[in-house]
Amino acid sequence: MKKKILSLLLTGAMAVSMLAGCGNSEETNNTGSTETGSTGTSDTSEEELEKPVDDLTQSRDITVWLYKDDYKIYYESYDDNPAVQYLNDKFNCSISFQQPAKGSESDQFSLMIGTGSYTDVMEISYSTEGVTTLYADGVIQDLAPYLETYAPNFYSFINKEENADVRKALYDEEGHLFTIPMGVNMEDTLAWGGMVYRRDILETMTGGYVSFPSGNEEPSTVDDMEYMLELYTQYFAAAGFADSAGLILPYTGYLTFGDLLNGFGTAPSFYVEDGTVKYGPVQEGYYNYLVKMNEWYEKGYIYQDFASRTNDVFYVPNTSLTYGGAAGIWYGLTSQLGDAMSMPEYNLIMEVNAMAAPLDTENGVKEALGYMGIVSDRAKMNTNGYVVSSACSEENLIRWLTVCDYLFTEEGGMLRVYGLTADQGADENPIYQKAGIDGGAYTYDGTEFKYNEKLQPSVGELSVEGSSNSFIGARLPGLNINEFEIENSAEEAIAANDIWKTYGSDNNYPQGITFNAEDNNTASTNSSAYSDYLNSMVPKFIMGTEVLNEDTWKAFVKQMNALGVDANTAIYQQYYDNFNAK
């Protein structure tokens, strides 16, 4: 493999568990703090106490809260996931999942926290509170005292220098660690979406002689984009479309992940520039963005009713237009690239290409801001992983850590990403049998990796629209050994990834930074106030229902700061500095 992955034998880990003796929990917490470079300290106990042994002959029932997914026709509950069943057999436990109905996740998670009826383990994507607040409120436990003994593979992994980003994110400033992360990437993942444009329309309108103002073969500036939008508008008018759009914006007036905005040198949220934390919507580049969007809206380039489409997910905008051949530029998916959206039966052949952030050269932008909200950095661990509740017994906590630790080995990481092999009993698994998967999900002899043909990305009959997730353990904690997944991805997806990531994500604010309970509450309250104001004003500025000029812009910025942008920027800066000092 391209990267060497720590793989300690489970038997060795269990031997450590049974033989290791060390100090009390406070001393252990200090050990974790020291080795992670965090700032926490505690007194060393003079008396060393023997730690509990995880007796694998004793079965453990472990309950887990997890948001629901579509497991197609193969099972209703994640209890039946083949990887989960394998782990249950291997570690003599029964991991059962409590899963609310789709659409009710946030309400149900809040209800669980409010009533105190916690499961043993909770996945926290839908928590409205940060992990530090949950800990301060007595909802979850600190895992740091247990890791070295009961999760040695995970402990070693996060303490390697090359994984400092993960370590800094997981440990707070006092040396606590609350989250076992879900899917720690071993390779940079491919972007699954970004700005796309209809190349075929440009070719039609120019007789095959597309000529961008920048002189480049692909669009790279705002002027290039305006050239495209004018051609799209002419094309749709000539074709007699009753409804069409050169550019589709979400109802908020900006793309959530920062596409398009970053070409104006700004971002939709907090970012970092030369060590200074800034909030994108109050920067000059954001004003320039609004001016241009207002200009394009008045010319009819932007979908005129964009602000009314509040039920559209930004990455699946106005599908009647995008899939109906009546859109020019939108936020697209890798599954839409090339000729995938063509409808030969209607004589409609579409060519959809990925598009990099266009630069606002008119206002001196020579390189887009290196901000990509779609890029989930490896430090985004405390908001996408599993915590152990205060209701969980120590015996169940230790068994859960034993299971998680296996998933931080090479063998365990392969299980969660690629599924069961023949040697792991794939042919005896009822879900694999139901799906007709013979000989395991993949084969790998240490040199050559080969997918089962039914699970081959993009082309296998069980790989379409996320179906493969029904057979692997990708929603479990552990390593994301994604090397082979990337190598076997469609050429269009790999090429689009390079285009979408032209300017990188160096200016992203680290996603793994967490605030203490007090600062988290302050930041959350402020954010609600100024975000509501922002999302009400941006569409109005674009559509012209609110006058946009330098004076009204200054008033807008002043109000944003009064609602908490200045205060939150100071909080974000403080934690950014502390994060880098760990």
# chains A, B, ... in the order shown; residues from 1 in each chain; ligands from 1
$ closest_atom_pairs --of "segment 173-196 of chain A" --to "segment 141-158 of chain A" --cutoff "7 Å" --atoms "only C-alpha atoms" --output "Markdown table"
| residue | atom | partner | partner_atom | distance |
| --- | --- | --- | --- | --- |
| A:His176 | CA | A:Ala144 | CA | 5.7 |
| A:Leu177 | CA | A:Ala144 | CA | 5.0 |
| A:Phe178 | CA | A:Asp142 | CA | 5.2 |
$ write_last_selection --atoms "N, CA and C atoms" --output "PDB file, in the first residue's frame"
ATOM      1  N   HIS A 176      -8.751  15.690  27.384  1.00  0.00           N
ATOM      2  CA  HIS A 176      -9.875  14.776  27.209  1.00  0.00           C
ATOM      3  C   HIS A 176      -9.984  14.361  25.747  1.00  0.00           C
ATOM      4  N   LEU A 177     -10.482  13.166  25.537  1.00  0.00           N
ATOM      5  CA  LEU A 177     -10.791  12.692  24.187  1.00  0.00           C
ATOM      6  C   LEU A 177     -12.158  12.034  24.248  1.00  0.00           C
ATOM      7  N   PHE A 178     -13.077  12.506  23.430  1.00  0.00           N
ATOM      8  CA  PHE A 178     -14.458  12.060  23.526  1.00  0.00           C
ATOM      9  C   PHE A 178     -14.921  11.200  22.353  1.00  0.00           C
TER      10      PHE A 178
END
$ residues_around --residues "Tyr418 of chain A" --least-positions-apart "4" --cutoff "8 Å" --atoms "only C-alpha atoms" --output "list in words"
Met414, Ala441, Tyr442, Ile472 and Gly473 of chain A
$ write_last_selection --atoms "C-alpha atoms" --output "short mmCIF file (atom, residue, chain, number, x, y, z; two decimals), in the first residue's frame"
data_model
loop_
_atom_site.label_atom_id
_atom_site.label_comp_id
_atom_site.auth_asym_id
_atom_site.auth_seq_id
_atom_site.Cartn_x
_atom_site.Cartn_y
_atom_site.Cartn_z
CA MET A 414 -10.35 -3.02 4.80
CA ALA A 441 -16.58 -8.37 -1.89
CA TYR A 442 -12.97 -8.25 -3.10
CA ILE A 472 -19.58 -2.70 3.67
CA GLY A 473 -19.08 -1.05 7.07
#
$ residues_around --residues "Lys90 of chain A" --least-positions-apart "5" --cutoff "12 Å" --atoms "only C-alpha atoms" --output "VMD selection string"
chain A and resid 10 56 to 57 59 83 to 85 95 399 402 to 403 406 412 424 to 425
$ residues_around --residues "segment 498-509 of chain A" --least-positions-apart "2" --cutoff "7 Å" --atoms "only C-alpha atoms" --output "number ranges by chain"
A: 194, 270-273, 354-356, 368-372, 494-496, 511
$ atom_distance --atom1 "atom CA of Asn452 of chain A" --atom2 "atom CA of Met341 of chain A"
26.9 Å
$ closest_residue --among "A:Asp577, A:Glu491, A:Glu483, A:Glu550" --to "Asp188 of chain A" --atoms "only C-alpha atoms"
A:Glu483
$ residues_around --residues "segment 228-241 of chain A" --least-positions-apart "3" --cutoff "9 Å" --atoms "only C-alpha atoms" --output "PyMOL selection string"
chain A and resi 197-198+201-202+204-206+212+219+223-225+244-247+296+299-302+326-329
$ write_last_selection --atoms "C-alpha atoms" --output "mmCIF file, in the first residue's frame"
data_model
loop_
_atom_site.group_PDB
_atom_site.id
_atom_site.type_symbol
_atom_site.label_atom_id
_atom_site.label_comp_id
_atom_site.auth_asym_id
_atom_site.auth_seq_id
_atom_site.Cartn_x
_atom_site.Cartn_y
_atom_site.Cartn_z
ATOM 1 C CA TYR A 197 -21.252 23.566 -17.170
ATOM 2 C CA ARG A 198 -22.845 22.445 -20.450
ATOM 3 C CA ILE A 201 -24.350 24.225 -25.791
ATOM 4 C CA LEU A 202 -21.216 26.345 -26.162
ATOM 5 C CA THR A 204 -23.465 24.462 -30.728
ATOM 6 C CA MET A 205 -23.643 28.233 -30.324
ATOM 7 C CA THR A 206 -20.120 28.828 -31.675
ATOM 8 C CA PHE A 212 -13.197 32.268 -23.841
ATOM 9 C CA PRO A 219 -13.447 28.795 -18.311
ATOM 10 C CA ASP A 223 -15.519 37.236 -17.798
ATOM 11 C CA ASP A 224 -15.359 33.702 -19.198
ATOM 12 C CA MET A 225 -18.418 32.791 -17.187
ATOM 13 C CA SER A 244 -34.563 27.876 -18.139
ATOM 14 C CA ALA A 245 -31.494 29.180 -16.336
ATOM 15 C CA GLY A 246 -27.985 30.079 -17.381
ATOM 16 C CA LEU A 247 -26.902 29.786 -13.736
ATOM 17 C CA TRP A 296 -26.368 38.851 -13.842
ATOM 18 C CA LYS A 299 -29.683 40.358 -17.317
ATOM 19 C CA GLY A 300 -31.676 37.172 -16.797
ATOM 20 C CA TYR A 301 -28.628 34.937 -16.468
ATOM 21 C CA ILE A 302 -29.621 33.602 -13.028
ATOM 22 C CA ALA A 326 -32.600 23.728 -19.599
ATOM 23 C CA ALA A 327 -29.653 24.775 -17.386
ATOM 24 C CA GLY A 328 -26.162 25.982 -18.235
ATOM 25 C CA ILE A 329 -24.169 26.123 -14.970
#
$ closest_residue --among "A:Asn488, A:Pro82, A:Thr514, A:Asp137" --to "Gly440 of chain A" --atoms "only C-alpha atoms"
A:Pro82
$ closest_residue --among "A:Asp259, A:Glu410, A:Asp360, A:Glu395" --to "Val375 of chain A" --atoms "only C-alpha atoms"
A:Asp259
$ closest_residue --among "A:Phe515, A:Tyr323, A:Phe471, A:Tyr279" --to "Glu129 of chain A" --atoms "only C-alpha atoms"
A:Phe515
$ select_by_dssp --residues "segment 50-157 of chain A" --states "helix (DSSP H, G or I)" --output "NGL selection string"
:A and (78-80 or 82-90 or 105-115 or 131-136 or 144-150 or 152-157)
$ write_last_selection --atoms "C-alpha atoms" --output "PDB file, in the first residue's frame"
ATOM      1  CA  TYR A  78     -27.855  -1.565  10.502  1.00  0.00           C
ATOM      2  CA  ASP A  79     -27.942  -4.493  12.943  1.00  0.00           C
ATOM      3  CA  ASP A  80     -27.964  -6.695   9.834  1.00  0.00           C
ATOM      4  CA  PRO A  82     -22.542  -7.797   7.182  1.00  0.00           C
ATOM      5  CA  ALA A  83     -19.573  -5.957   8.726  1.00  0.00           C
ATOM      6  CA  VAL A  84     -21.496  -5.477  11.978  1.00  0.00           C
ATOM      7  CA  GLN A  85     -22.418  -9.160  12.063  1.00  0.00           C
ATOM      8  CA  TYR A  86     -18.778 -10.087  11.508  1.00  0.00           C
ATOM      9  CA  LEU A  87     -17.687  -7.860  14.397  1.00  0.00           C
ATOM     10  CA  ASN A  88     -20.370  -9.306  16.673  1.00  0.00           C
ATOM     11  CA  ASP A  89     -19.075 -12.823  16.026  1.00  0.00           C
ATOM     12  CA  LYS A  90     -15.430 -11.846  16.327  1.00  0.00           C
ATOM     13  CA  GLU A 105     -32.856  12.699  13.277  1.00  0.00           C
ATOM     14  CA  SER A 106     -32.191  16.059  14.928  1.00  0.00           C
ATOM     15  CA  ASP A 107     -35.450  16.018  16.883  1.00  0.00           C
ATOM     16  CA  GLN A 108     -34.946  12.448  18.040  1.00  0.00           C
ATOM     17  CA  PHE A 109     -31.350  13.023  19.076  1.00  0.00           C
ATOM     18  CA  SER A 110     -32.368  16.105  21.057  1.00  0.00           C
ATOM     19  CA  LEU A 111     -35.214  14.144  22.645  1.00  0.00           C
ATOM     20  CA  MET A 112     -32.803  11.413  23.734  1.00  0.00           C
ATOM     21  CA  ILE A 113     -30.462  13.966  25.296  1.00  0.00           C
ATOM     22  CA  GLY A 114     -33.354  15.829  26.925  1.00  0.00           C
ATOM     23  CA  THR A 115     -34.884  12.735  28.505  1.00  0.00           C
ATOM     24  CA  VAL A 131     -18.760  17.250  22.486  1.00  0.00           C
ATOM     25  CA  THR A 132     -17.307  19.585  25.113  1.00  0.00           C
ATOM     26  CA  THR A 133     -20.797  20.738  26.026  1.00  0.00           C
ATOM     27  CA  LEU A 134     -22.078  17.161  26.124  1.00  0.00           C
ATOM     28  CA  TYR A 135     -19.236  16.258  28.465  1.00  0.00           C
ATOM     29  CA  ALA A 136     -19.792  19.307  30.680  1.00  0.00           C
ATOM     30  CA  ALA A 144      -8.596   9.228  27.109  1.00  0.00           C
ATOM     31  CA  PRO A 145      -7.912   7.136  30.267  1.00  0.00           C
ATOM     32  CA  TYR A 146      -8.829   3.932  28.420  1.00  0.00           C
ATOM     33  CA  LEU A 147      -7.149   4.269  25.054  1.00  0.00           C
ATOM     34  CA  GLU A 148      -3.576   3.112  25.633  1.00  0.00           C
ATOM     35  CA  THR A 149      -4.760  -0.092  27.314  1.00  0.00           C
ATOM     36  CA  TYR A 150      -7.919  -0.990  25.440  1.00  0.00           C
ATOM     37  CA  PRO A 152      -3.594   0.414  21.451  1.00  0.00           C
ATOM     38  CA  ASN A 153      -3.850   0.496  17.646  1.00  0.00           C
ATOM     39  CA  PHE A 154      -5.995   3.619  17.695  1.00  0.00           C
ATOM     40  CA  TYR A 155      -3.786   5.169  20.382  1.00  0.00           C
ATOM     41  CA  SER A 156      -0.623   4.520  18.370  1.00  0.00           C
ATOM     42  CA  PHE A 157      -2.223   5.807  15.191  1.00  0.00           C
TER      43      PHE A 157
END
$ atom_distance --atom1 "atom CA of Ile486 of chain A" --atom2 "atom CA of Gly419 of chain A"
15.9 Å
$ atom_distance --atom1 "atom CA of Tyr315 of chain A" --atom2 "atom CA of Leu337 of chain A"
13.7 Å
